[in-house]
>>> print(open('query36.tsv').read())   # TSV, N, CA and C atoms
chain	number	residue	atom	x	y	z
A	1	MET	N	-40.51	-0.98	54.36
A	1	MET	CA	-41.73	-0.52	53.74
A	1	MET	C	-42.33	-1.66	52.92
A	2	SER	N	-43.61	-1.94	53.13
A	2	SER	CA	-44.26	-3.03	52.42
A	2	SER	C	-44.78	-2.57	51.07
A	3	ASN	N	-44.91	-3.52	50.17
A	3	ASN	CA	-45.41	-3.25	48.83
A	3	ASN	C	-46.92	-3.49	48.84
A	4	THR	N	-47.72	-2.43	49.03
A	4	THR	CA	-49.17	-2.58	49.10
A	4	THR	C	-49.82	-1.98	47.88
A	5	THR	N	-51.03	-2.42	47.61
A	5	THR	CA	-51.79	-1.90	46.49
A	5	THR	C	-53.25	-1.76	46.92
A	6	LEU	N	-53.97	-0.90	46.25
A	6	LEU	CA	-55.39	-0.74	46.53
A	6	LEU	C	-56.20	-1.80	45.83
A	7	CYS	N	-57.35	-2.08	46.38
A	7	CYS	CA	-58.29	-3.02	45.78
A	7	CYS	C	-58.66	-2.55	44.38
A	8	HIS	N	-58.72	-3.47	43.42
A	8	HIS	CA	-59.05	-3.15	42.03
A	8	HIS	C	-60.54	-2.97	41.78
A	9	LYS	N	-61.37	-3.21	42.79
A	9	LYS	CA	-62.81	-3.02	42.65
A	9	LYS	C	-63.09	-1.52	42.56
A	10	SER	N	-63.79	-1.12	41.53
A	10	SER	CA	-64.09	0.28	41.33
A	10	SER	C	-64.76	0.89	42.55
A	11	GLY	N	-64.22	2.00	43.03
A	11	GLY	CA	-64.79	2.70	44.17
A	11	GLY	C	-64.32	2.20	45.52
A	12	CYS	N	-63.58	1.12	45.56
A	12	CYS	CA	-63.07	0.58	46.83
A	12	CYS	C	-61.66	1.09	47.05
A	13	PHE	N	-61.42	1.64	48.23
A	13	PHE	CA	-60.11	2.19	48.52
A	13	PHE	C	-59.42	1.43	49.65
A	14	ARG	N	-59.85	0.20	49.88
A	14	ARG	CA	-59.20	-0.64	50.90
A	14	ARG	C	-57.89	-1.19	50.33
A	15	THR	N	-57.06	-1.65	51.21
A	15	THR	CA	-55.80	-2.27	50.80
A	15	THR	C	-56.07	-3.70	50.34
A	16	ALA	N	-55.51	-4.06	49.23
A	16	ALA	CA	-55.67	-5.42	48.71
A	16	ALA	C	-54.90	-6.40	49.57
A	17	GLU	N	-55.38	-7.64	49.56
A	17	GLU	CA	-54.67	-8.71	50.26
A	17	GLU	C	-53.29	-8.88	49.62
A	18	GLN	N	-52.32	-9.26	50.42
A	18	GLN	CA	-50.96	-9.41	49.91
A	18	GLN	C	-50.92	-10.42	48.77
A	19	GLY	N	-50.32	-10.01	47.65
A	19	GLY	CA	-50.21	-10.86	46.48
A	19	GLY	C	-51.49	-10.98	45.66
A	20	LYS	N	-52.51	-10.24	46.04
A	20	LYS	CA	-53.81	-10.29	45.34
A	20	LYS	C	-54.15	-8.92	44.78
A	21	HIS	N	-55.24	-8.86	44.02
A	21	HIS	CA	-55.68	-7.60	43.42
A	21	HIS	C	-56.87	-6.97	44.15
A	22	PHE	N	-57.44	-7.71	45.13
A	22	PHE	CA	-58.65	-7.25	45.80
A	22	PHE	C	-58.51	-7.35	47.32
A	23	CYS	N	-59.32	-6.56	48.03
A	23	CYS	CA	-59.38	-6.59	49.48
A	23	CYS	C	-60.18	-7.83	49.92
A	24	LYS	N	-60.26	-8.07	51.23
A	24	LYS	CA	-61.00	-9.23	51.74
A	24	LYS	C	-62.45	-9.24	51.25
A	25	LYS	N	-63.09	-8.07	51.26
A	25	LYS	CA	-64.50	-7.97	50.88
A	25	LYS	C	-64.73	-8.37	49.42
A	26	HIS	N	-63.77	-8.07	48.54
A	26	HIS	CA	-63.93	-8.31	47.10
A	26	HIS	C	-63.04	-9.43	46.57
A	27	LEU	N	-62.48	-10.23	47.47
A	27	LEU	CA	-61.57	-11.30	47.08
A	27	LEU	C	-62.22	-12.32	46.15
A	28	TYR	N	-63.54	-12.44	46.20
A	28	TYR	CA	-64.26	-13.37	45.32
A	28	TYR	C	-64.08	-13.02	43.84
A	29	LEU	N	-63.64	-11.80	43.54
A	29	LEU	CA	-63.44	-11.35	42.15
A	29	LEU	C	-62.07	-11.75	41.60
A	30	GLU	N	-61.19	-12.22	42.46
A	30	GLU	CA	-59.81	-12.50	42.07
A	30	GLU	C	-59.69	-13.50	40.92
A	31	GLU	N	-60.40	-14.59	40.98
A	31	GLU	CA	-60.27	-15.63	39.95
A	31	GLU	C	-60.70	-15.11	38.58
A	32	SER	N	-61.85	-14.39	38.53
A	32	SER	CA	-62.31	-13.88	37.23
A	32	SER	C	-61.38	-12.77	36.73
A	33	TYR	N	-60.76	-12.04	37.65
A	33	TYR	CA	-59.82	-10.98	37.26
A	33	TYR	C	-58.60	-11.59	36.56
A	34	ARG	N	-58.11	-12.67	37.09
A	34	ARG	CA	-56.94	-13.32	36.49
A	34	ARG	C	-57.26	-13.96	35.14
A	35	LYS	N	-58.53	-14.29	34.90
A	35	LYS	CA	-58.93	-14.92	33.65
A	35	LYS	C	-59.39	-13.92	32.60
A	36	ARG	N	-59.38	-12.62	32.92
A	36	ARG	CA	-59.87	-11.62	31.98
A	36	ARG	C	-59.04	-11.64	30.70
A	37	PRO	N	-59.67	-11.39	29.58
A	37	PRO	CA	-58.92	-11.36	28.32
A	37	PRO	C	-58.02	-10.14	28.26
A	38	VAL	N	-56.82	-10.34	27.80
A	38	VAL	CA	-55.88	-9.26	27.64
A	38	VAL	C	-55.85	-8.90	26.16
A	39	PRO	N	-56.11	-7.63	25.83
A	39	PRO	CA	-56.10	-7.24	24.42
A	39	PRO	C	-54.75	-7.54	23.79
A	40	GLU	N	-54.80	-8.07	22.59
A	40	GLU	CA	-53.57	-8.42	21.89
A	40	GLU	C	-53.31	-7.38	20.79
A	41	ARG	N	-52.14	-6.80	20.82
A	41	ARG	CA	-51.77	-5.83	19.80
A	41	ARG	C	-51.15	-6.59	18.66
A	42	LYS	N	-51.73	-6.42	17.49
A	42	LYS	CA	-51.20	-7.11	16.32
A	42	LYS	C	-50.43	-6.11	15.47
A	43	LYS	N	-49.16	-6.37	15.29
A	43	LYS	CA	-48.33	-5.52	14.46
A	43	LYS	C	-48.23	-6.15	13.08
A	44	SER	N	-48.30	-5.33	12.08
A	44	SER	CA	-48.20	-5.85	10.73
A	44	SER	C	-46.74	-5.99	10.33
A	45	ASN	N	-46.35	-7.21	10.02
A	45	ASN	CA	-44.98	-7.43	9.57
A	45	ASN	C	-44.72	-6.75	8.24
A	46	GLU	N	-45.80	-6.45	7.52
A	46	GLU	CA	-45.64	-5.80	6.22
A	46	GLU	C	-44.92	-4.46	6.34
A	47	TRP	N	-45.18	-3.73	7.42
A	47	TRP	CA	-44.52	-2.44	7.55
A	47	TRP	C	-43.72	-2.27	8.84
A	48	HIS	N	-43.87	-3.19	9.79
A	48	HIS	CA	-43.15	-3.02	11.05
A	48	HIS	C	-41.64	-3.05	10.84
A	49	ASN	N	-41.20	-3.77	9.82
A	49	ASN	CA	-39.76	-3.82	9.53
A	49	ASN	C	-39.21	-2.45	9.13
A	50	LEU	N	-40.06	-1.53	8.70
A	50	LEU	CA	-39.58	-0.18	8.35
A	50	LEU	C	-38.94	0.49	9.56
A	51	TYR	N	-39.48	0.22	10.75
A	51	TYR	CA	-38.93	0.83	11.97
A	51	TYR	C	-37.55	0.28	12.31
A	52	ASN	N	-37.21	-0.88	11.80
A	52	ASN	CA	-35.89	-1.47	12.06
A	52	ASN	C	-34.87	-1.12	10.99
A	53	SER	N	-35.27	-0.36	9.99
A	53	SER	CA	-34.35	-0.05	8.89
A	53	SER	C	-33.33	1.02	9.30
A	54	GLN	N	-32.18	0.96	8.68
A	54	GLN	CA	-31.13	1.96	8.93
A	54	GLN	C	-31.62	3.35	8.53
A	55	ARG	N	-32.38	3.42	7.46
A	55	ARG	CA	-32.89	4.71	7.00
A	55	ARG	C	-33.77	5.35	8.08
A	56	TRP	N	-34.70	4.55	8.69
A	56	TRP	CA	-35.57	5.10	9.74
A	56	TRP	C	-34.76	5.51	10.97
A	57	ARG	N	-33.77	4.70	11.35
A	57	ARG	CA	-32.95	5.05	12.51
A	57	ARG	C	-32.26	6.39	12.29
A	58	THR	N	-31.77	6.61	11.08
A	58	THR	CA	-31.11	7.88	10.76
A	58	THR	C	-32.11	9.03	10.75
A	59	VAL	N	-33.23	8.84	10.05
A	59	VAL	CA	-34.25	9.89	9.96
A	59	VAL	C	-34.76	10.27	11.35
A	60	SER	N	-35.12	9.27	12.16
A	60	SER	CA	-35.69	9.57	13.48
A	60	SER	C	-34.67	10.23	14.41
A	61	LYS	N	-33.43	9.78	14.35
A	61	LYS	CA	-32.39	10.36	15.20
A	61	LYS	C	-32.17	11.83	14.83
A	62	GLU	N	-32.07	12.11	13.54
A	62	GLU	CA	-31.88	13.49	13.09
A	62	GLU	C	-33.11	14.35	13.40
A	63	PHE	N	-34.29	13.78	13.27
A	63	PHE	CA	-35.51	14.53	13.56
A	63	PHE	C	-35.56	14.93	15.03
A	64	LEU	N	-35.26	13.98	15.94
A	64	LEU	CA	-35.27	14.29	17.36
A	64	LEU	C	-34.18	15.29	17.74
A	65	ALA	N	-33.06	15.27	17.02
A	65	ALA	CA	-32.00	16.24	17.30
A	65	ALA	C	-32.49	17.66	16.98
A	66	GLY	N	-33.29	17.78	15.93
A	66	GLY	CA	-33.82	19.09	15.53
A	66	GLY	C	-35.11	19.46	16.22
A	67	HIS	N	-35.80	18.49	16.81
A	67	HIS	CA	-37.09	18.71	17.49
A	67	HIS	C	-37.06	17.94	18.81
A	68	PRO	N	-36.34	18.44	19.81
A	68	PRO	CA	-36.11	17.66	21.03
A	68	PRO	C	-37.25	17.63	22.05
A	69	TYR	N	-38.34	18.37	21.81
A	69	TYR	CA	-39.39	18.44	22.81
A	69	TYR	C	-40.74	17.99	22.26
A	70	CYS	N	-41.50	17.31	23.13
A	70	CYS	CA	-42.85	16.85	22.80
A	70	CYS	C	-43.69	18.05	22.40
A	71	TYR	N	-44.35	17.96	21.27
A	71	TYR	CA	-45.13	19.09	20.79
A	71	TYR	C	-46.37	19.34	21.64
A	72	ILE	N	-46.75	18.40	22.50
A	72	ILE	CA	-47.92	18.57	23.35
A	72	ILE	C	-47.56	19.19	24.70
A	73	CYS	N	-46.58	18.61	25.37
A	73	CYS	CA	-46.30	19.04	26.75
A	73	CYS	C	-44.95	19.72	26.95
A	74	GLY	N	-44.07	19.63	25.97
A	74	GLY	CA	-42.77	20.27	26.11
A	74	GLY	C	-41.73	19.42	26.82
A	75	ALA	N	-42.09	18.21	27.22
A	75	ALA	CA	-41.12	17.29	27.84
A	75	ALA	C	-40.16	16.80	26.76
A	76	LYS	N	-39.08	16.16	27.19
A	76	LYS	CA	-38.12	15.62	26.23
A	76	LYS	C	-38.81	14.61	25.32
A	77	ALA	N	-38.69	14.82	24.04
A	77	ALA	CA	-39.28	13.88	23.06
A	77	ALA	C	-38.36	12.67	22.93
A	78	THR	N	-38.97	11.50	22.96
A	78	THR	CA	-38.21	10.27	22.82
A	78	THR	C	-38.70	9.44	21.64
A	79	ILE	N	-39.80	9.88	21.03
A	79	ILE	CA	-40.42	9.12	19.94
A	79	ILE	C	-40.76	10.05	18.79
A	80	VAL	N	-40.48	9.59	17.59
A	80	VAL	CA	-40.90	10.31	16.39
A	80	VAL	C	-42.21	9.66	15.95
A	81	ASP	N	-43.26	10.45	15.97
A	81	ASP	CA	-44.60	9.96	15.66
A	81	ASP	C	-44.99	10.33	14.24
A	82	HIS	N	-45.76	9.45	13.60
A	82	HIS	CA	-46.34	9.76	12.30
A	82	HIS	C	-47.68	10.44	12.53
A	83	ILE	N	-47.83	11.64	12.05
A	83	ILE	CA	-49.06	12.41	12.25
A	83	ILE	C	-50.24	11.65	11.65
A	84	ARG	N	-50.11	11.28	10.41
A	84	ARG	CA	-51.11	10.44	9.76
A	84	ARG	C	-50.56	9.02	9.73
A	85	PRO	N	-51.31	8.02	10.20
A	85	PRO	CA	-50.81	6.64	10.17
A	85	PRO	C	-50.43	6.24	8.74
A	86	HIS	N	-49.24	5.71	8.57
A	86	HIS	CA	-48.72	5.40	7.23
A	86	HIS	C	-49.25	4.09	6.67
A	87	ARG	N	-49.58	3.13	7.54
A	87	ARG	CA	-50.11	1.82	7.13
A	87	ARG	C	-49.30	1.17	6.00
A	88	GLY	N	-47.97	1.34	6.10
A	88	GLY	CA	-47.09	0.69	5.14
A	88	GLY	C	-46.70	1.52	3.94
A	89	ASP	N	-47.28	2.70	3.79
A	89	ASP	CA	-46.96	3.59	2.67
A	89	ASP	C	-45.57	4.18	2.94
A	90	THR	N	-44.54	3.69	2.24
A	90	THR	CA	-43.17	4.12	2.53
A	90	THR	C	-42.95	5.60	2.25
A	91	GLU	N	-43.65	6.15	1.28
A	91	GLU	CA	-43.51	7.58	0.99
A	91	GLU	C	-43.99	8.39	2.19
A	92	LEU	N	-45.14	8.02	2.74
A	92	LEU	CA	-45.68	8.71	3.92
A	92	LEU	C	-44.84	8.40	5.15
A	93	PHE	N	-44.31	7.20	5.25
A	93	PHE	CA	-43.50	6.79	6.39
A	93	PHE	C	-42.28	7.69	6.57
A	94	PHE	N	-41.59	8.00	5.47
A	94	PHE	CA	-40.36	8.79	5.54
A	94	PHE	C	-40.58	10.28	5.28
A	95	ASP	N	-41.81	10.69	5.04
A	95	ASP	CA	-42.12	12.10	4.77
A	95	ASP	C	-41.96	12.92	6.06
A	96	GLU	N	-40.96	13.80	6.10
A	96	GLU	CA	-40.68	14.56	7.32
A	96	GLU	C	-41.79	15.53	7.69
A	97	THR	N	-42.65	15.89	6.74
A	97	THR	CA	-43.79	16.75	7.08
A	97	THR	C	-44.89	15.95	7.80
A	98	ASN	N	-44.74	14.63	7.84
A	98	ASN	CA	-45.70	13.77	8.52
A	98	ASN	C	-45.17	13.31	9.88
A	99	LEU	N	-44.11	13.92	10.35
A	99	LEU	CA	-43.49	13.52	11.62
A	99	LEU	C	-43.67	14.59	12.68
A	100	GLN	N	-43.78	14.14	13.93
A	100	GLN	CA	-43.86	15.07	15.05
A	100	GLN	C	-43.17	14.45	16.25
A	101	PRO	N	-42.51	15.29	17.07
A	101	PRO	CA	-41.82	14.77	18.26
A	101	PRO	C	-42.81	14.57	19.40
A	102	MET	N	-42.70	13.44	20.09
A	102	MET	CA	-43.60	13.17	21.22
A	102	MET	C	-42.85	12.48	22.36
A	103	CYS	N	-43.35	12.72	23.56
A	103	CYS	CA	-42.86	11.97	24.72
A	103	CYS	C	-43.58	10.62	24.72
A	104	TRP	N	-43.08	9.68	25.51
A	104	TRP	CA	-43.67	8.34	25.55
A	104	TRP	C	-45.13	8.40	25.97
A	105	LYS	N	-45.44	9.21	26.99
A	105	LYS	CA	-46.80	9.29	27.54
A	105	LYS	C	-47.82	9.69	26.46
A	106	HIS	N	-47.53	10.75	25.74
A	106	HIS	CA	-48.49	11.23	24.74
A	106	HIS	C	-48.52	10.35	23.50
A	107	HIS	N	-47.40	9.75	23.14
A	107	HIS	CA	-47.40	8.83	22.00
A	107	HIS	C	-48.23	7.59	22.32
A	108	SER	N	-48.11	7.08	23.53
A	108	SER	CA	-48.89	5.91	23.93
A	108	SER	C	-50.38	6.21	23.90
A	109	ALA	N	-50.77	7.37	24.40
A	109	ALA	CA	-52.19	7.76	24.39
A	109	ALA	C	-52.71	7.88	22.96
A	110	LYS	N	-51.92	8.47	22.08
A	110	LYS	CA	-52.33	8.63	20.68
A	110	LYS	C	-52.47	7.27	20.00
A	111	THR	N	-51.51	6.39	20.24
A	111	THR	CA	-51.54	5.05	19.64
A	111	THR	C	-52.77	4.27	20.11
A	112	LEU	N	-53.06	4.33	21.39
A	112	LEU	CA	-54.24	3.64	21.91
A	112	LEU	C	-55.51	4.15	21.24
A	113	LYS	N	-55.62	5.46	21.11
A	113	LYS	CA	-56.81	6.05	20.50
A	113	LYS	C	-56.91	5.65	19.02
A	114	GLU	N	-55.82	5.71	18.31
A	114	GLU	CA	-55.82	5.35	16.88
A	114	GLU	C	-56.22	3.89	16.67
A	115	ASN	N	-55.86	3.04	17.62
A	115	ASN	CA	-56.15	1.61	17.51
A	115	ASN	C	-57.37	1.20	18.31
A	116	ASN	N	-58.27	2.16	18.56
A	116	ASN	CA	-59.51	1.90	19.28
A	116	ASN	C	-59.24	1.17	20.59
A	117	TYR	N	-58.17	1.58	21.27
A	117	TYR	CA	-57.79	1.02	22.56
A	117	TYR	C	-57.59	-0.49	22.49
A	118	PHE	N	-57.23	-0.99	21.30
A	118	PHE	CA	-56.95	-2.40	21.04
A	118	PHE	C	-58.11	-3.31	21.43
A	119	LYS	N	-59.33	-2.80	21.26
A	119	LYS	CA	-60.52	-3.61	21.51
A	119	LYS	C	-60.69	-4.58	20.35
A	120	PRO	N	-61.22	-5.77	20.62
A	120	PRO	CA	-61.39	-6.76	19.56
A	120	PRO	C	-62.22	-6.25	18.38
A	121	ASP	N	-63.32	-5.54	18.65
A	121	ASP	CA	-64.15	-5.00	17.58
A	121	ASP	C	-63.65	-3.60	17.26
A	122	ARG	N	-62.78	-3.49	16.27
A	122	ARG	CA	-62.16	-2.22	15.96
A	122	ARG	C	-63.05	-1.32	15.14
A	123	GLY	N	-64.10	-1.87	14.56
A	123	GLY	CA	-65.05	-1.05	13.81
A	123	GLY	C	-64.39	-0.35	12.64
A	124	SER	N	-64.66	0.90	12.51
A	124	SER	CA	-64.19	1.70	11.38
A	124	SER	C	-62.67	1.86	11.42
A	125	GLU	N	-62.09	1.88	10.28
A	125	GLU	CA	-60.64	2.12	10.18
A	125	GLU	C	-60.35	3.61	10.09
A	126	LYS	N	-61.34	4.43	10.34
A	126	LYS	CA	-61.18	5.89	10.31
A	126	LYS	C	-60.28	6.31	11.47
A	127	HIS	N	-59.30	7.14	11.19
A	127	HIS	CA	-58.39	7.62	12.22
A	127	HIS	C	-58.46	9.12	12.28
A	128	GLU	N	-58.78	9.63	13.47
A	128	GLU	CA	-58.85	11.05	13.65
A	128	GLU	C	-57.52	11.56	14.21
A	129	ALA	N	-57.29	12.84	14.03
A	129	ALA	CA	-56.09	13.45	14.59
A	129	ALA	C	-56.19	13.47	16.10
A	130	PHE	N	-55.08	13.35	16.77
A	130	PHE	CA	-55.03	13.36	18.23
A	130	PHE	C	-55.37	14.73	18.68
>>> encode(input="query36.tsv", output="structure tokens")
Amino acid sequence: MSNTTLCHKSGCFRTAEQGKHFCKKHLYLEESYRKRPVPERKKSNEWHNLYNSQRWRTVSKEFLAGHPYCYICGAKATIVDHIRPHRGDTELFFDETNLQPMCWKHHSAKTLKENNYFKPDRGSEKHEAF
């Protein structure tokens, strides 16, 4: 079985050339596709270390033991999410009333939305609930 992919050109359902992202008709787009800017996620070292702490490992493990399913879809929860972004506030970070169980899929979607899909112009720092 060969490893094939569809052309990345919107609306084109042809098979892409082997090792490329586009079909023969749209192959001219390949060079600009490879040069496209990739959004960079910037993590704040000021609070990212909280996730590596023994206290967080204990809190999150115990939380998932008591709340094993994603609150959105009911799948197995693998991530403890902060309902309101803590932005380094340790009181809010460890507040169990600010935690919810989520599967990877829904946590990723929520994170993207909260971070304006990691677009360079993030605009307002306002964060809405998922």
>>> axis_aligned_box(input="query36.tsv", around="stretch 88-96 of chain A", padding_each_side="8 Å", output="lines of an AutoDock Vina configuration file")
center_x = -44.2
center_y = 8.1
center_z = 4.3
size_x = 23.6
size_y = 30.8
size_z = 22.7
>>> atom_distance(input="query36.tsv", atom1="atom CA of A:Asn49", atom2="atom CA of A:Gly74")
29.4 Å
>>> closest_residue(input="query36.tsv", among="A:Ala109, A:Arg14, A:Leu29, A:Leu64", to="A:Ala77", atoms="all atoms listed in the file")
A:Leu64
>>> atom_distance(input="query36.tsv", atom1="atom CA of A:Cys7", atom2="atom CA of A:Thr111")
28.2 Å
>>> atom_distance(input="query36.tsv", atom1="atom CA of A:Glu62", atom2="atom C of A:Cys103")
16.7 Å
>>> closest_residue(input="query36.tsv", among="A:Ala65, A:Leu6, A:Cys73, A:Leu50", to="A:Lys20", atoms="only N, CA and C atoms")
A:Leu6
>>> closest_residue(input="query36.tsv", among="A:His21, A:Arg34, A:Pro101, A:Thr4", to="A:Ile72", atoms="only N, CA and C atoms")
A:Pro101
>>> residues_around(input="query36.tsv", residues="A:Pro68", least_positions_apart="6", cutoff="6.5 Å", atoms="all atoms listed in the file", output="VMD selection string")
chain A and resid 75 to 78
>>> select_by_dssp(input="query36.tsv", residues="stretch 5-99 of chain A", states="strand (DSSP E or B)", output="list of chain:residue names")
A:Leu6, A:Thr15, A:Tyr69, A:Lys76, A:Ile79, A:Val80, A:Asp81, A:His82, A:Leu99
